[in-house]
$ cat query_20.csv   # CSV, C-alpha atoms
chain,number,residue,atom,x,y,z
A,1,MET,CA,116.2,-53.4,164.9
A,2,ALA,CA,115.1,-53.6,161.3
A,3,ASN,CA,111.4,-54.0,162.2
A,4,LYS,CA,111.3,-51.4,165.0
A,5,PRO,CA,108.7,-48.7,164.5
A,6,ALA,CA,110.2,-45.2,163.9
A,7,ILE,CA,109.8,-42.9,166.9
A,8,ARG,CA,108.8,-39.3,166.3
A,9,THR,CA,111.3,-37.1,168.0
A,10,GLY,CA,112.1,-33.5,168.8
A,11,ASN,CA,108.7,-31.8,168.3
A,12,SER,CA,106.5,-30.6,171.0
A,13,GLU,CA,103.6,-33.0,171.3
A,14,LEU,CA,100.3,-33.2,173.1
A,15,ILE,CA,99.0,-35.0,176.1
A,16,ALA,CA,95.6,-36.5,175.3
A,17,LEU,CA,93.0,-37.3,178.0
A,18,ILE,CA,90.2,-39.8,178.3
A,19,ALA,CA,88.9,-39.3,181.9
A,20,ASP,CA,86.1,-38.1,184.1
A,21,GLU,CA,85.1,-34.4,184.3
A,22,ASP,CA,87.2,-33.5,187.4
A,23,THR,CA,90.3,-35.1,186.1
A,24,VAL,CA,90.0,-33.5,182.7
A,25,THR,CA,89.3,-30.1,184.4
A,26,GLY,CA,92.4,-30.4,186.5
A,27,PHE,CA,94.7,-31.2,183.6
A,28,LEU,CA,93.2,-28.5,181.5
A,29,MET,CA,94.0,-26.0,184.3
A,30,ALA,CA,97.6,-27.3,184.0
A,31,GLY,CA,97.6,-26.2,180.4
A,32,VAL,CA,97.3,-29.4,178.4
A,33,GLY,CA,94.1,-28.5,176.5
A,34,ASN,CA,94.3,-28.1,172.8
A,35,ALA,CA,91.7,-27.3,170.2
A,36,ASP,CA,92.1,-27.2,166.4
A,37,LEU,CA,90.3,-25.2,163.8
A,38,ARG,CA,87.5,-27.7,163.6
A,39,ARG,CA,87.1,-27.5,167.4
A,40,LYS,CA,88.4,-31.0,167.9
A,41,THR,CA,90.0,-31.2,171.3
A,42,ASN,CA,92.7,-33.5,172.7
A,43,TYR,CA,90.4,-34.7,175.5
A,44,LEU,CA,87.2,-36.7,176.0
A,45,ILE,CA,85.1,-36.2,179.2
A,46,VAL,CA,83.6,-39.6,180.2
A,47,ASP,CA,80.4,-39.6,182.1
A,48,SER,CA,77.5,-42.0,182.6
A,49,LYS,CA,76.1,-41.1,179.1
A,50,THR,CA,79.3,-41.7,177.2
A,51,SER,CA,79.0,-44.9,175.1
A,52,VAL,CA,81.7,-47.5,174.9
A,53,LYS,CA,81.8,-47.0,171.2
A,54,THR,CA,82.6,-43.3,171.6
A,55,ILE,CA,85.5,-44.2,174.0
A,56,GLU,CA,86.8,-46.8,171.6
A,57,GLU,CA,86.7,-44.4,168.6
A,58,THR,CA,88.4,-41.7,170.7
A,59,PHE,CA,91.1,-44.1,171.9
A,60,LYS,CA,91.8,-45.2,168.3
A,61,GLU,CA,91.9,-41.5,167.1
A,62,PHE,CA,94.3,-40.4,169.8
A,63,THR,CA,96.6,-43.3,169.4
A,64,SER,CA,96.8,-42.8,165.7
A,65,LYS,CA,97.5,-39.0,165.8
A,66,GLU,CA,101.0,-37.9,164.9
A,67,ASP,CA,101.0,-35.0,167.4
A,68,VAL,CA,100.1,-37.0,170.5
A,69,ALA,CA,102.9,-38.2,172.8
A,70,ILE,CA,101.0,-39.5,175.8
A,71,VAL,CA,97.4,-40.7,176.2
A,72,LEU,CA,96.1,-40.5,179.8
A,73,ILE,CA,93.1,-42.8,180.4
A,74,SER,CA,91.4,-43.4,183.7
A,75,GLN,CA,91.8,-47.1,184.6
A,76,TYR,CA,88.1,-47.7,185.0
A,77,VAL,CA,87.6,-46.3,181.4
A,78,ALA,CA,90.4,-48.4,180.1
A,79,ASN,CA,88.6,-51.4,181.6
A,80,MET,CA,85.7,-50.7,179.3
A,81,ILE,CA,87.9,-51.0,176.2
A,82,ARG,CA,90.5,-53.4,177.8
A,83,PHE,CA,90.9,-55.4,174.5
A,84,TYR,CA,92.0,-52.3,172.6
A,85,VAL,CA,94.2,-51.0,175.4
A,86,ASP,CA,96.0,-54.4,175.8
A,87,SER,CA,96.3,-54.8,172.1
A,88,TYR,CA,98.1,-51.5,171.8
A,89,LYS,CA,101.9,-52.1,171.5
A,90,LYS,CA,103.4,-49.0,170.1
A,91,PRO,CA,106.0,-46.9,172.1
A,92,ILE,CA,104.4,-43.6,171.1
A,93,PRO,CA,102.0,-42.4,172.1
A,94,ALA,CA,102.5,-43.9,175.6
A,95,ILE,CA,99.3,-45.1,177.2
A,96,LEU,CA,99.2,-44.4,180.9
A,97,GLU,CA,96.3,-45.7,183.0
A,98,ILE,CA,95.6,-43.3,185.9
A,99,PRO,CA,93.3,-43.6,188.9
A,100,SER,CA,90.1,-41.7,189.2
A,101,LYS,CA,88.3,-40.4,192.3
A,102,ASP,CA,86.0,-43.4,192.7
A,103,HIS,CA,88.4,-46.1,191.3
A,104,PRO,CA,91.9,-46.3,192.8
A,105,TYR,CA,94.8,-47.5,190.7
A,106,ASP,CA,95.0,-51.3,190.6
A,107,PRO,CA,98.4,-52.6,189.4
A,108,ALA,CA,96.8,-56.0,188.6
A,109,GLN,CA,94.8,-54.3,185.8
A,110,ASP,CA,97.6,-52.2,184.4
A,111,SER,CA,98.2,-53.1,180.8
A,112,ILE,CA,102.0,-52.7,181.0
A,113,LEU,CA,102.4,-54.7,184.1
A,114,SER,CA,100.2,-57.4,182.6
A,115,ARG,CA,102.4,-57.5,179.6
A,116,VAL,CA,105.6,-57.9,181.7
A,117,LYS,CA,104.2,-60.2,184.4
A,118,GLY,CA,105.3,-63.2,182.3
A,119,MET,CA,108.8,-62.4,183.5
A,120,PHE,CA,107.8,-64.0,186.8
A,121,SER,CA,106.2,-67.1,185.4
A,122,SER,CA,107.6,-70.6,185.7
A,123,GLU,CA,109.3,-70.1,182.3
A,124,SER,CA,111.3,-67.0,183.4
A,125,VAL,CA,114.9,-66.4,182.4
A,126,ALA,CA,116.2,-67.5,185.7
A,127,SER,CA,114.7,-70.9,185.5
A,128,GLY,CA,116.8,-71.7,182.4
A,129,ARG,CA,120.0,-71.6,184.4
A,130,HIS,CA,121.6,-74.7,185.9
B,1,MET,CA,130.2,-65.9,182.7
B,2,GLU,CA,129.9,-62.5,180.9
B,3,THR,CA,126.5,-63.4,179.5
B,4,MET,CA,125.2,-64.3,183.0
B,5,LYS,CA,126.5,-61.0,184.4
B,6,ASP,CA,124.7,-59.1,181.5
B,7,GLU,CA,121.6,-61.1,182.2
B,8,ASP,CA,121.8,-60.4,186.0
B,9,GLY,CA,122.4,-56.7,185.3
B,10,THR,CA,119.4,-56.5,182.9
B,11,ILE,CA,117.1,-58.4,185.4
B,12,LEU,CA,118.1,-56.0,188.2
B,13,LYS,CA,117.5,-53.0,186.0
B,14,PHE,CA,114.1,-54.4,185.0
B,15,LEU,CA,113.1,-55.1,188.7
B,16,ASP,CA,114.4,-51.7,189.8
B,17,THR,CA,112.4,-49.9,187.1
B,18,MET,CA,109.3,-51.8,187.9
B,19,ASP,CA,109.7,-50.9,191.6
B,20,ASN,CA,110.2,-47.3,190.6
B,21,TYR,CA,107.1,-47.5,188.4
B,22,LEU,CA,104.9,-48.7,191.3
B,23,ILE,CA,106.3,-46.1,193.7
B,24,LEU,CA,105.6,-43.4,191.2
B,25,PHE,CA,102.0,-44.5,190.9
B,26,ASP,CA,101.6,-44.3,194.7
B,27,SER,CA,102.9,-40.7,194.5
B,28,LEU,CA,100.6,-40.0,191.6
B,29,SER,CA,97.6,-41.2,193.4
B,30,SER,CA,98.4,-39.1,196.4
B,31,THR,CA,98.9,-35.9,194.4
B,32,LEU,CA,95.8,-36.6,192.3
B,33,ARG,CA,93.7,-36.9,195.5
B,34,GLN,CA,95.0,-33.6,196.7
B,35,GLY,CA,94.1,-32.0,193.4
B,36,TRP,CA,90.6,-33.4,193.4
B,37,LEU,CA,90.1,-32.2,197.0
B,38,ASP,CA,91.3,-28.7,196.2
B,39,LEU,CA,89.0,-28.7,193.1
B,40,ALA,CA,86.1,-29.8,195.2
B,41,SER,CA,86.9,-27.0,197.8
B,42,ALA,CA,87.1,-24.5,195.0
B,43,ARG,CA,83.7,-25.6,193.6
B,44,HIS,CA,82.2,-25.4,197.1
B,45,SER,CA,83.4,-21.8,197.5
B,46,MET,CA,82.9,-20.5,194.0
B,47,GLY,CA,79.8,-22.5,193.1
B,48,SER,CA,79.3,-25.5,190.8
B,49,SER,CA,78.3,-23.4,187.8
B,50,ARG,CA,81.5,-21.5,187.9
B,51,ILE,CA,83.7,-24.6,187.7
B,52,SER,CA,82.2,-26.6,185.0
B,53,THR,CA,83.4,-28.1,181.7
B,54,ALA,CA,80.7,-26.1,180.0
B,55,LEU,CA,82.9,-23.1,180.4
B,56,LEU,CA,85.8,-24.7,178.5
B,57,ASN,CA,87.2,-22.8,175.6
B,58,LEU,CA,86.5,-24.7,172.3
B,59,LYS,CA,88.0,-22.0,170.1
B,60,GLU,CA,91.2,-22.8,168.4
B,61,HIS,CA,94.1,-22.7,170.9
B,62,SER,CA,97.4,-24.5,171.4
B,63,ALA,CA,98.3,-26.4,174.5
B,64,SER,CA,100.6,-24.5,176.8
B,65,THR,CA,102.0,-27.6,178.4
B,66,VAL,CA,103.4,-30.1,176.0
B,67,VAL,CA,105.8,-33.0,175.8
B,68,ARG,CA,109.0,-33.4,173.9
B,69,VAL,CA,110.0,-36.9,172.8
B,70,ASN,CA,113.6,-37.9,172.3
B,71,ASP,CA,114.8,-41.3,171.3
B,72,GLU,CA,117.8,-42.9,172.8
B,73,THR,CA,119.4,-45.9,171.2
B,74,ILE,CA,120.1,-48.4,173.9
B,75,ASN,CA,121.6,-51.2,172.0
B,76,GLU,CA,121.1,-53.2,168.8
B,77,THR,CA,118.7,-55.7,170.3
B,78,SER,CA,116.2,-53.4,172.0
B,79,GLY,CA,116.5,-50.5,169.6
B,80,MET,CA,115.0,-47.2,170.5
B,81,GLU,CA,113.8,-46.1,173.8
B,82,PRO,CA,111.7,-42.9,173.8
B,83,HIS,CA,112.4,-40.4,176.5
B,84,PHE,CA,109.8,-37.8,177.5
B,85,THR,CA,110.4,-34.3,178.7
B,86,LEU,CA,107.7,-32.0,180.0
B,87,ARG,CA,107.6,-28.4,178.8
B,88,LYS,CA,105.3,-26.6,181.1
B,89,TRP,CA,103.7,-23.4,180.0
B,90,ARG,CA,105.7,-23.4,176.8
B,91,THR,CA,108.9,-22.5,178.7
B,92,CYS,CA,112.1,-24.4,179.2
B,93,GLU,CA,111.2,-25.1,182.8
B,94,ASP,CA,111.5,-28.8,182.6
B,95,LYS,CA,114.0,-30.2,185.0
B,96,THR,CA,114.3,-33.7,183.5
B,97,ASN,CA,116.5,-32.8,180.6
B,98,PRO,CA,119.9,-31.5,181.9
B,99,ILE,CA,121.0,-30.5,178.4
B,100,GLU,CA,118.1,-28.2,177.9
B,101,GLU,CA,118.5,-26.9,181.5
B,102,GLU,CA,122.2,-26.1,180.8
B,103,GLU,CA,121.3,-24.3,177.6
B,104,ASP,CA,118.8,-22.3,179.5
B,105,VAL,CA,121.3,-21.3,182.1
B,106,GLN,CA,123.8,-20.3,179.4
B,107,GLY,CA,121.2,-18.3,177.6
B,108,LEU,CA,120.2,-16.5,180.8
B,109,LEU,CA,123.9,-15.7,181.7
B,110,LYS,CA,124.4,-14.0,178.3
B,111,GLN,CA,121.5,-11.7,178.9
B,112,PRO,CA,121.8,-8.5,180.9
B,113,SER,CA,120.6,-8.5,184.5
B,114,LEU,CA,117.4,-10.4,185.1
B,115,ASN,CA,116.5,-8.5,188.3
B,116,LEU,CA,113.4,-6.9,186.8
B,117,ARG,CA,111.7,-6.9,190.2
B,118,HIS,CA,114.6,-5.2,191.9
B,119,ARG,CA,113.3,-1.8,192.8
B,120,GLY,CA,116.7,-0.5,193.6
B,121,PHE,CA,117.7,-0.1,190.0
B,122,SER,CA,118.2,3.4,188.7
B,123,GLU,CA,116.1,4.8,185.8
B,124,THR,CA,119.2,5.1,183.5
B,125,LYS,CA,120.1,1.5,184.1
B,126,GLU,CA,116.5,0.3,183.5
B,127,ALA,CA,116.4,2.4,180.3
B,128,SER,CA,119.6,0.8,179.0
B,129,ASN,CA,118.4,-2.7,179.5
B,130,GLU,CA,116.1,-4.3,177.0
B,131,PRO,CA,112.7,-5.2,178.5
B,132,LEU,CA,113.0,-8.8,179.7
B,133,VAL,CA,110.2,-11.0,180.9
B,134,SER,CA,111.5,-13.5,183.6
B,135,VAL,CA,110.5,-17.1,183.2
B,136,ASP,CA,108.5,-16.8,186.5
B,137,ASP,CA,106.4,-13.9,185.2
B,138,GLN,CA,105.7,-15.8,182.0
B,139,VAL,CA,104.6,-18.9,183.9
B,140,GLN,CA,102.4,-16.9,186.2
B,141,LYS,CA,100.8,-15.2,183.2
B,142,GLU,CA,100.1,-18.5,181.6
B,143,ARG,CA,98.7,-20.0,184.8
B,144,SER,CA,96.3,-17.0,185.2
B,145,LYS,CA,95.3,-17.3,181.6
B,146,ALA,CA,94.4,-21.0,182.1
B,147,LEU,CA,92.2,-20.1,185.1
B,148,SER,CA,90.6,-17.1,183.5
B,149,VAL,CA,88.0,-19.3,181.9
B,150,PHE,CA,86.5,-19.7,185.4
B,151,GLY,CA,86.3,-15.9,185.9
B,152,ALA,CA,88.5,-13.0,186.9
B,153,LEU,CA,88.6,-13.8,190.6
B,154,VAL,CA,89.2,-17.4,191.5
B,155,SER,CA,89.4,-19.2,194.8
B,156,PRO,CA,93.0,-19.9,196.2
B,157,LYS,CA,91.9,-23.6,196.3
B,158,LEU,CA,91.6,-23.5,192.5
B,159,ARG,CA,95.1,-22.2,192.2
B,160,SER,CA,96.2,-25.0,194.6
B,161,ALA,CA,94.5,-27.5,192.4
B,162,GLN,CA,96.3,-26.2,189.4
B,163,ILE,CA,99.6,-26.6,191.1
B,164,SER,CA,98.7,-30.1,192.2
B,165,PHE,CA,97.8,-31.1,188.6
B,166,GLU,CA,101.1,-29.6,187.4
B,167,THR,CA,102.9,-31.8,189.9
B,168,VAL,CA,100.8,-34.8,188.6
B,169,LEU,CA,102.0,-34.1,185.1
B,170,GLU,CA,105.7,-34.1,186.3
B,171,THR,CA,105.1,-37.5,187.9
B,172,LEU,CA,103.3,-38.8,184.8
B,173,ILE,CA,106.4,-37.9,182.7
B,174,ASP,CA,108.6,-39.9,185.2
B,175,ILE,CA,106.1,-42.8,184.9
B,176,ALA,CA,106.2,-42.6,181.1
B,177,ASN,CA,110.0,-42.7,181.1
B,178,ALA,CA,110.0,-45.6,183.6
B,179,ARG,CA,107.5,-47.4,181.4
B,180,SER,CA,109.8,-46.9,178.4
B,181,VAL,CA,112.8,-48.3,180.3
B,182,MET,CA,110.8,-51.2,181.6
B,183,LEU,CA,109.5,-52.3,178.2
B,184,SER,CA,113.0,-51.9,176.7
B,185,THR,CA,114.6,-54.1,179.4
B,186,PHE,CA,111.8,-56.6,179.1
B,187,GLU,CA,112.4,-56.9,175.4
B,188,GLN,CA,116.1,-57.4,176.1
B,189,LEU,CA,115.4,-60.2,178.6
B,190,GLN,CA,113.0,-61.8,176.1
B,191,GLN,CA,115.7,-61.9,173.5
B,192,MET,CA,118.3,-63.2,176.0
B,193,LYS,CA,115.9,-66.0,176.9
B,194,GLU,CA,115.3,-66.9,173.2
B,195,GLN,CA,119.1,-67.0,172.6
B,196,SER,CA,119.7,-69.2,175.6
B,197,ASN,CA,117.0,-71.7,174.5
$ encode --input "query_20.csv" --output "structure tokens"
Amino acid sequence: MANKPAIRTGNSELIALIADEDTVTGFLMAGVGNADLRRKTNYLIVDSKTSVKTIEETFKEFTSKEDVAIVLISQYVANMIRFYVDSYKKPIPAILEIPSKDHPYDPAQDSILSRVKGMFSSESVASGRH
Amino acid sequence: METMKDEDGTILKFLDTMDNYLILFDSLSSTLRQGWLDLASARHSMGSSRISTALLNLKEHSASTVVRVNDETINETSGMEPHFTLRKWRTCEDKTNPIEEEEDVQGLLKQPSLNLRHRGFSETKEASNEPLVSVDDQVQKERSKALSVFGALVSPKLRSAQISFETVLETLIDIANARSVMLSTFEQLQQMKEQSN
């Protein structure tokens, strides 16, 4: 427990979004949109013109912000920056990969499920029992 | 023997949580599809230019729907496990935290009558009560405010889409909590495995 990262608790925190226009619009209608004094928002609308570098930088920004509790990212967008998503290990903010209109959710690509799938490998806990 | 029982219990908890995680994603996909469909219907009836991200408000404003994070200590080995609670429309509407819900009920019980919409009340009785805004009224106000960026009159389909995405948020909070439990039990199992080797 000595090396466990501290978890921010108690405060109201934001839900950040990295997704296509319709998904972002829907969530904004549900009240998650936030804009600060510098007009920086808690969402990035990804379209055909959005570069991978922009997505990477936004992902890094959202995952390092103190006031973000959850980052929602369309799975097809997460695939563009898969290395960064899979390397992310902190409990907060939680990264949730969500489906998009044209790309249904694929459990095989989910970062969390990939991380825990080792539980079912030949070196699982159960195999150690005699 | 005790160790094996603990291990079995943790494995069951892990598998159960993973199953729940996948079921929640099915539910999420279904609700999202409904939301996108309603949004497309609204766009069809109101026009594409009226439902566009170009209309989004970039002036300084706070999110109305936020998340509260609480940490729960599970045990010495796995440490902290964050628990997420949704606060929709800045009210205490969230159903996932029974403590908050109880506090809300206690708070409401201490207040005078909440029947603001009850037309049978006499004038004297209304005058003696302090003006109270019911939670429902506040939520409806916030919902209308969120849609006002698309114009004063919006399609019922847009309102349906809004409700769908609110439901999506509730499911996502459940998913976030399941994720948290899954990772915590996974860590416990990893540590048990290391101890047994």
$ closest_atom_pairs --input "query_20.csv" --of "chain B" --to "chain A" --cutoff "6 Å" --atoms "only C-alpha atoms" --output "Markdown table"
| residue | atom | partner | partner_atom | distance |
| --- | --- | --- | --- | --- |
| B:Leu58 | CA | A:Arg39 | CA | 5.7 |
| B:Glu60 | CA | A:Ala35 | CA | 4.9 |
| B:His61 | CA | A:Ala35 | CA | 5.2 |
| B:Ser62 | CA | A:Asn34 | CA | 5.0 |
| B:Ala63 | CA | A:Asn34 | CA | 4.7 |
| B:Ser64 | CA | A:Gly31 | CA | 5.0 |
| B:Thr65 | CA | A:Gly31 | CA | 5.0 |
| B:Val66 | CA | A:Leu14 | CA | 5.3 |
| B:Val67 | CA | A:Glu13 | CA | 5.0 |
| B:Arg68 | CA | A:Ser12 | CA | 4.7 |
| B:Val69 | CA | A:Thr9 | CA | 5.0 |
| B:Asn70 | CA | A:Thr9 | CA | 4.9 |
| B:Gly79 | CA | A:Met1 | CA | 5.5 |
| B:Ala146 | CA | A:Met29 | CA | 5.5 |
| B:Gln162 | CA | A:Met29 | CA | 5.6 |
| B:Phe165 | CA | A:Gly26 | CA | 5.8 |
| B:Glu166 | CA | A:Ala30 | CA | 5.4 |
| B:Lys193 | CA | A:Val125 | CA | 5.6 |
$ atom_distance --input "query_20.csv" --atom1 "CA of Leu183 (chain B)" --atom2 "CA of Leu44 (chain A)"
27.3 Å
$ closest_residue --input "query_20.csv" --among "A:His103, A:Lys65, A:Lys53, A:Lys60" --to "Ser87 (chain A)" --atoms "all atoms listed in the file"
A:Lys60
$ closest_residue --input "query_20.csv" --among "B:Leu153, B:Leu12, B:Val168, B:Ala54" --to "Arg33 (chain B)" --atoms "all atoms listed in the file"
B:Val168
$ atom_distance --input "query_20.csv" --atom1 "CA of Ile51 (chain B)" --atom2 "CA of Trp89 (chain B)"
21.5 Å
$ atom_distance --input "query_20.csv" --atom1 "CA of Asp47 (chain A)" --atom2 "CA of Ser64 (chain A)"
23.4 Å
$ closest_residue --input "query_20.csv" --among "B:Leu147, B:Thr85, B:Thr53, B:Ser160" --to "Asp20 (chain A)" --atoms "all atoms listed in the file"
B:Thr53
$ residues_near_point --input "query_20.csv" --point "(90.6, -27.2, 194.4)" --cutoff "8 Å" --atoms "all atoms listed in the file" --output "PDB file with C-alpha atoms, in the frame of the given file"
ATOM      1  CA  GLY B  35      94.100 -32.000 193.400  1.00  0.00           C
ATOM      2  CA  TRP B  36      90.600 -33.400 193.400  1.00  0.00           C
ATOM      3  CA  LEU B  37      90.100 -32.200 197.000  1.00  0.00           C
ATOM      4  CA  ASP B  38      91.300 -28.700 196.200  1.00  0.00           C
ATOM      5  CA  LEU B  39      89.000 -28.700 193.100  1.00  0.00           C
ATOM      6  CA  ALA B  40      86.100 -29.800 195.200  1.00  0.00           C
ATOM      7  CA  SER B  41      86.900 -27.000 197.800  1.00  0.00           C
ATOM      8  CA  ALA B  42      87.100 -24.500 195.000  1.00  0.00           C
ATOM      9  CA  ARG B  43      83.700 -25.600 193.600  1.00  0.00           C
ATOM     10  CA  PRO B 156      93.000 -19.900 196.200  1.00  0.00           C
ATOM     11  CA  LYS B 157      91.900 -23.600 196.300  1.00  0.00           C
ATOM     12  CA  LEU B 158      91.600 -23.500 192.500  1.00  0.00           C
ATOM     13  CA  ARG B 159      95.100 -22.200 192.200  1.00  0.00           C
ATOM     14  CA  SER B 160      96.200 -25.000 194.600  1.00  0.00           C
ATOM     15  CA  ALA B 161      94.500 -27.500 192.400  1.00  0.00           C
ATOM     16  CA  GLN B 162      96.300 -26.200 189.400  1.00  0.00           C
TER      17      GLN B 162
END
$ closest_residue --input "query_20.csv" --among "B:Ser49, B:Phe186, B:Gln195, B:Ser29" --to "Lys13 (chain B)" --atoms "only C-alpha atoms"
B:Phe186
$ closest_residue --input "query_20.csv" --among "A:Val46, A:Leu17, A:Val52, A:Met80" --to "Leu169 (chain B)" --atoms "all atoms listed in the file"
A:Leu17
